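Trainee: Take this structure first; my questions come after.
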Amino acid sequence: MNPAAFPLLLDPARFQGEVDGRPTALFFLRNARGMVVAVTNLGAKVLQIVVPDRSGTLDDVALGYDRLADVITGSPSMGAFVGRYAGRIGGARFTLDGHEHRLTPNSGPHCIHGGPRGSRHRVFDALQPDAQTLQLHHRFLTAEDGFPGTLDLQLTYRLDDDNALVLDHTASALDAPGPASFTSHIYFNLDGVGLGQRIDGHVLQVAGSREVLATGGDGIATGARVPLDGHPQDLRTARVLGELPDIDLSYVLEPQSIAAARLCAQLRSDASGRTLDVWTTEPLLQVYTAGQLGVAQRPDLGKWGVPHRPRSAVCLEPQHFPNAPNCPSLPQNTVAPGQPYRATTVYRFGTVND
């Protein structure tokens, strides 16, 4: 395939439709430097990020789909803003204040990313006040997929002129407390997604972490922590991803005394010269090198018909602790009325020449 033959930007007409009786659309964020981000209000999914390489050539560095039908039938996490609880909750159940809550399982016996009615499957209300800002809203109803309480989610995507995509979200409990954890599930490939190449040449470093969460054989966090000293996936120094096995790990970030976002990951491609710095106020970074992407029997075709394959992207997902409602040893994030949960994540793009 010749990427020069691809249209640079997605066609918004191909995203007009309805899901669950609610209208869907595609929105573009543009800054003064020519960067463009395309977001659909179905799942608040970032489907395209167009940024320059070291020579100034623009290309798309986020996996996604080029029409609504494929967003619906494709990988549900592709580009999504995931919640109301990111990651897996073991056994699709937890106990809060002495009451057991049984969730809807959607990953074997477990609940992942908020269940079948999680935010990645829902149509958000959307308002675009200016060319660089998109405001999104969704209300999770009480007992939806078994989660307690009505939860209001306000999410803002803002594209700054320093080529930073800023995500601000606030989750507010309206009537009863319940656990909450949200994250962005963008699939990044800094070489451009048109050829479907692997991210093995990318270099990644995770800053401010000394340990990862232990998981059982089914990927459920046990509550234990594993030191990074001697760990085969220690990313405290920059590592070439192709020299490492598949990664799907929760890197615990060191606590800080201020609430400001801090640098947690740096990704670069020496082939394209693009860089990505990730900043967040969240306490944990999930790193996923997409080892399970496109392994289903039915091909998962992305934009321009390019197949999504294992390790064709990397996800850098700041969030709270997966399975924490079942692990008293882990920090809890219970949102109660009058005590909203606010967080900021920043994806800042650049080049090695910056």
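Residues in the structure tokens are numbered from 1 in each chain, the chains being A, B, ... in the order shown, and ligands are numbered from 1 in the order shown.
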Got a sec: who's within 12 Å of Gly83 (chain A), counting only C-alpha atoms, leaving out chain neighbours fewer than 2 positions off, as number ranges by chain?

Mentor: A: 43-44, 77, 80-81, 85-89, 111-122, 138-140, 145, 147, 151-153, 155, 169, 171, 179-185, 319-320, 322

Trainee: Take the residues from that selection and put them in a file with C-alpha atoms, as a PDB file, in the first residue's frame.

Mentor:
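Writing done, so here's part13.pdb:
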```pdb
ATOM      1  CA  GLY A  43     -17.092   6.231  23.107  1.00  0.00           C
ATOM      2  CA  ALA A  44     -15.303   9.617  23.000  1.00  0.00           C
ATOM      3  CA  SER A  77     -11.367   0.034  23.108  1.00  0.00           C
ATOM      4  CA  ALA A  80     -11.892   5.105  23.562  1.00  0.00           C
ATOM      5  CA  PHE A  81     -12.190   6.988  26.820  1.00  0.00           C
ATOM      6  CA  TYR A  85     -13.900   1.465  35.772  1.00  0.00           C
ATOM      7  CA  ALA A  86     -10.795   0.937  33.638  1.00  0.00           C
ATOM      8  CA  GLY A  87      -9.175  -2.484  33.590  1.00  0.00           C
ATOM      9  CA  ARG A  88     -10.466  -5.752  35.009  1.00  0.00           C
ATOM     10  CA  ILE A  89     -12.549  -6.275  38.127  1.00  0.00           C
ATOM     11  CA  CYS A 111     -15.757  -7.304  34.144  1.00  0.00           C
ATOM     12  CA  ILE A 112     -13.452  -5.181  31.990  1.00  0.00           C
ATOM     13  CA  HIS A 113     -13.559  -1.452  31.228  1.00  0.00           C
ATOM     14  CA  GLY A 114     -16.930  -0.862  32.880  1.00  0.00           C
ATOM     15  CA  GLY A 115     -18.854  -3.764  31.368  1.00  0.00           C
ATOM     16  CA  PRO A 116     -21.049  -4.031  28.255  1.00  0.00           C
ATOM     17  CA  ARG A 117     -22.556  -0.589  28.958  1.00  0.00           C
ATOM     18  CA  GLY A 118     -19.230   1.048  29.692  1.00  0.00           C
ATOM     19  CA  SER A 119     -18.348   4.401  28.154  1.00  0.00           C
ATOM     20  CA  ARG A 120     -16.554   2.913  25.152  1.00  0.00           C
ATOM     21  CA  HIS A 121     -19.955   1.687  23.889  1.00  0.00           C
ATOM     22  CA  ARG A 122     -21.959   4.849  24.643  1.00  0.00           C
ATOM     23  CA  HIS A 138     -22.163  11.040  29.719  1.00  0.00           C
ATOM     24  CA  ARG A 139     -24.303   9.953  32.667  1.00  0.00           C
ATOM     25  CA  PHE A 140     -23.953   6.419  34.014  1.00  0.00           C
ATOM     26  CA  ASP A 145     -23.978  -3.164  34.691  1.00  0.00           C
ATOM     27  CA  PHE A 147     -22.293  -0.487  39.511  1.00  0.00           C
ATOM     28  CA  LEU A 151     -22.227   9.012  37.942  1.00  0.00           C
ATOM     29  CA  ASP A 152     -21.842  12.129  35.803  1.00  0.00           C
ATOM     30  CA  LEU A 153     -18.770  12.284  33.565  1.00  0.00           C
ATOM     31  CA  LEU A 155     -14.689  15.171  29.633  1.00  0.00           C
ATOM     32  CA  HIS A 169     -12.247  14.806  33.226  1.00  0.00           C
ATOM     33  CA  ALA A 171     -16.658  12.294  37.587  1.00  0.00           C
ATOM     34  CA  PRO A 179     -15.722   3.104  42.473  1.00  0.00           C
ATOM     35  CA  ALA A 180     -14.528   4.942  39.362  1.00  0.00           C
ATOM     36  CA  SER A 181     -11.453   4.908  37.164  1.00  0.00           C
ATOM     37  CA  PHE A 182     -11.168   6.336  33.656  1.00  0.00           C
ATOM     38  CA  THR A 183      -8.432   6.216  31.049  1.00  0.00           C
ATOM     39  CA  SER A 184      -7.659   7.030  27.444  1.00  0.00           C
ATOM     40  CA  HIS A 185      -7.092   3.976  25.247  1.00  0.00           C
ATOM     41  CA  GLN A 319      -5.617   5.503  35.437  1.00  0.00           C
ATOM     42  CA  HIS A 320      -6.393   4.300  38.973  1.00  0.00           C
ATOM     43  CA  PRO A 322      -7.309  -2.093  38.379  1.00  0.00           C
TER      44      PRO A 322
END
```

Trainee: Smallest atom-to-atom distance to Leu159 (chain A): which of A:Ala173, A:Ala259, A:Val36, A:Ile186, using only C-alpha atoms?

Mentor: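 Of A:Ala173, A:Ala259, A:Val36, A:Ile186, the one nearest Leu159 (chain A), counting only C-alpha atoms, is A:Val36.
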
Trainee: Mind listing the strand (DSSP E) residues of region 89-230 of chain A, per DSSP on the backbone, as a PyMOL selection string?

Mentor: chain A and resi 89+93-96+99-102+111-112+125-130+133-140+151-159+164-173+178-179+183-184+202-206+209-215+221-227

Trainee: Set the distance at 6 Å and use only C-alpha atoms: which residues neighbour region 10-21 of chain A once local chain neighbours fewer than 2 positions away are removed? I'd like the list as an MDAnalysis selection string.

Mentor: chainID A and resid 23:26 67:68

Trainee: Convert the current residue selection to file output with C-alpha atoms, as a compact mmCIF listing (two decimals), in the first residue's frame.

Mentor:
```txt
# COMPACT_ATOMS: atom_id res chain seq x y z
CA PRO A 23 -26.82 10.77 16.98
CA THR A 24 -23.15 10.17 16.26
CA ALA A 25 -20.68 12.52 14.61
CA LEU A 26 -16.99 13.17 14.02
CA ARG A 67 -16.44 4.85 9.22
CA LEU A 68 -19.06 4.44 11.92
```

Trainee: Excluding same-chain residues fewer than 4 positions from Ala296 (chain A), what lies within 10 Å of it counting only C-alpha atoms, as an MDAnalysis selection string?

Mentor: chainID A and resid 292 300 309

Trainee: I'd like the neighbourhood of Leu241 (chain A) as a list in words, where a residue qualifies if any of its atoms comes within 9 Å (using only C-alpha atoms), though same-chain residues fewer than 6 positions away should be ignored.

Mentor: Ile199, Asp200, Gly201, His202, Val203, Leu204, Ile247 and Thr289 of chain A

Trainee: Please produce an output containing N, CA, C and O atoms for each residue in the selection, written as a PDB file, in the first residue's frame.

Mentor:
```pdb
ATOM      1  N   ILE A 199       5.563  -1.602  16.157  1.00  0.00           N
ATOM      2  CA  ILE A 199       6.219  -0.545  16.939  1.00  0.00           C
ATOM      3  C   ILE A 199       7.505  -1.070  17.586  1.00  0.00           C
ATOM      4  O   ILE A 199       7.983  -0.501  18.564  1.00  0.00           O
ATOM      5  N   ASP A 200       8.070  -2.112  17.016  1.00  0.00           N
ATOM      6  CA  ASP A 200       9.258  -2.725  17.614  1.00  0.00           C
ATOM      7  C   ASP A 200      10.447  -1.774  17.673  1.00  0.00           C
ATOM      8  O   ASP A 200      11.321  -1.920  18.529  1.00  0.00           O
ATOM      9  N   GLY A 201      10.503  -0.797  16.759  1.00  0.00           N
ATOM     10  CA  GLY A 201      11.609   0.147  16.773  1.00  0.00           C
ATOM     11  C   GLY A 201      11.409   1.322  17.697  1.00  0.00           C
ATOM     12  O   GLY A 201      12.333   2.123  17.897  1.00  0.00           O
ATOM     13  N   HIS A 202      10.224   1.447  18.282  1.00  0.00           N
ATOM     14  CA  HIS A 202       9.959   2.537  19.216  1.00  0.00           C
ATOM     15  C   HIS A 202      10.753   2.343  20.504  1.00  0.00           C
ATOM     16  O   HIS A 202      11.012   1.206  20.938  1.00  0.00           O
ATOM     17  N   VAL A 203      11.099   3.449  21.134  1.00  0.00           N
ATOM     18  CA  VAL A 203      11.840   3.446  22.393  1.00  0.00           C
ATOM     19  C   VAL A 203      10.939   4.050  23.462  1.00  0.00           C
ATOM     20  O   VAL A 203      10.375   5.132  23.272  1.00  0.00           O
ATOM     21  N   LEU A 204      10.795   3.358  24.599  1.00  0.00           N
ATOM     22  CA  LEU A 204       9.880   3.786  25.657  1.00  0.00           C
ATOM     23  C   LEU A 204      10.597   3.836  26.999  1.00  0.00           C
ATOM     24  O   LEU A 204      11.377   2.939  27.326  1.00  0.00           O
ATOM     25  N   ILE A 247       3.995  -6.419  26.398  1.00  0.00           N
ATOM     26  CA  ILE A 247       3.795  -5.755  27.686  1.00  0.00           C
ATOM     27  C   ILE A 247       2.311  -5.473  27.887  1.00  0.00           C
ATOM     28  O   ILE A 247       1.643  -4.939  26.994  1.00  0.00           O
ATOM     29  N   THR A 289       1.375  -3.167  24.728  1.00  0.00           N
ATOM     30  CA  THR A 289       1.967  -3.173  23.396  1.00  0.00           C
ATOM     31  C   THR A 289       1.114  -3.923  22.379  1.00  0.00           C
ATOM     32  O   THR A 289       1.608  -4.349  21.335  1.00  0.00           O
TER      33      THR A 289
END
```

Trainee: Would you kindly return, as a list in words, each protein, DNA or RNA residue with an atom no farther than 8 Å from any atom of Val51 (chain A), considering only C-alpha atoms and excluding same-chain residues fewer than 4 positions away?

Mentor: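 The filter keeps Gly34, Met35, Val36, Thr57, Leu58, Asp59, Asp60, Val61, Asn163 and Phe349 of chain A.
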
Trainee: Give me the residues within 9 Å of Asp270 (chain A) as a list in words, counting only C-alpha atoms and dropping any in the same chain fewer than 2 places off.

Mentor: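 Within the cut-off, the hits are Asp191, Gly201, His202, Val203, Arg268, Ser272, Gly273, Arg274, Thr275 and Val352 of chain A.
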
Trainee: Generate a file of the selected residues that holds C-alpha atoms, formatted as a PDB file, in the first residue's frame.

Mentor:
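And here is the file that came out, out_38.pdb:
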```pdb
ATOM      1  CA  ASP A 191       5.832   5.986  12.366  1.00  0.00           C
ATOM      2  CA  GLY A 201      11.609   0.147  16.773  1.00  0.00           C
ATOM      3  CA  HIS A 202       9.959   2.537  19.216  1.00  0.00           C
ATOM      4  CA  VAL A 203      11.840   3.446  22.393  1.00  0.00           C
ATOM      5  CA  ARG A 268      10.044   8.079  20.493  1.00  0.00           C
ATOM      6  CA  SER A 272      10.228   9.188  11.963  1.00  0.00           C
ATOM      7  CA  GLY A 273      11.823  11.407  14.589  1.00  0.00           C
ATOM      8  CA  ARG A 274       8.472  11.846  16.372  1.00  0.00           C
ATOM      9  CA  THR A 275       8.267  11.894  20.149  1.00  0.00           C
ATOM     10  CA  VAL A 352      13.821  14.717  18.321  1.00  0.00           C
TER      11      VAL A 352
END
```

Trainee: So, counting only C-alpha atoms, which residue among A:Gln339, A:Gly196, A:Leu136, A:His308 is closest to Ser75 (chain A)?

Mentor: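 Under the stated criterion, the closest residue is A:His308.
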
Trainee: So, counting only C-alpha atoms, which residue among A:Ala131, A:Leu195, A:Asp162, A:Gly230 is closest to Gly302 (chain A)?

Mentor: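 Closest residue, counting only C-alpha atoms: A:Leu195.
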
Trainee: Using only C-alpha atoms, which of the listed residues (A:Tyr187, A:Pro76, A:Leu42, A:Leu330) sits closest to Asp125 (chain A)?

Mentor: A:Leu42

Trainee: How many Å separate CA of Ala324 (chain A) from CA of Leu244 (chain A)?

Mentor: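 If I compute the distance from CA of Ala324 (chain A) to CA of Leu244 (chain A), I get 27.5 Å.
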
Trainee: What residues in region 59-307 of chain A get the DSSP label alpha helix (DSSP H)? Please answer as a ChimeraX atom specification.

Mentor: /A:68-73

Trainee: Quick one: pull the distance between CA of Leu276 (chain A) and CA of Asp234 (chain A), Å, one decimal.

Mentor: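 Atom-to-atom, CA of Leu276 (chain A) and CA of Asp234 (chain A) are spaced 19.1 Å apart.
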
Trainee: Using only C-alpha atoms, which of A:Asn326, A:Gln132, A:Ser55, A:Ser250 sits nearest Ala214 (chain A)?

Mentor: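 The closest residue to Ala214 (chain A) is A:Ser250.
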
Trainee: Which is closer to Cys315 (chain A) than all the others in A:Gly79, A:Gly149, A:Asp218, A:Tyr251, using only C-alpha atoms?

Mentor: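 Of the candidates, the smallest distance to Cys315 (chain A) is held by A:Gly79.
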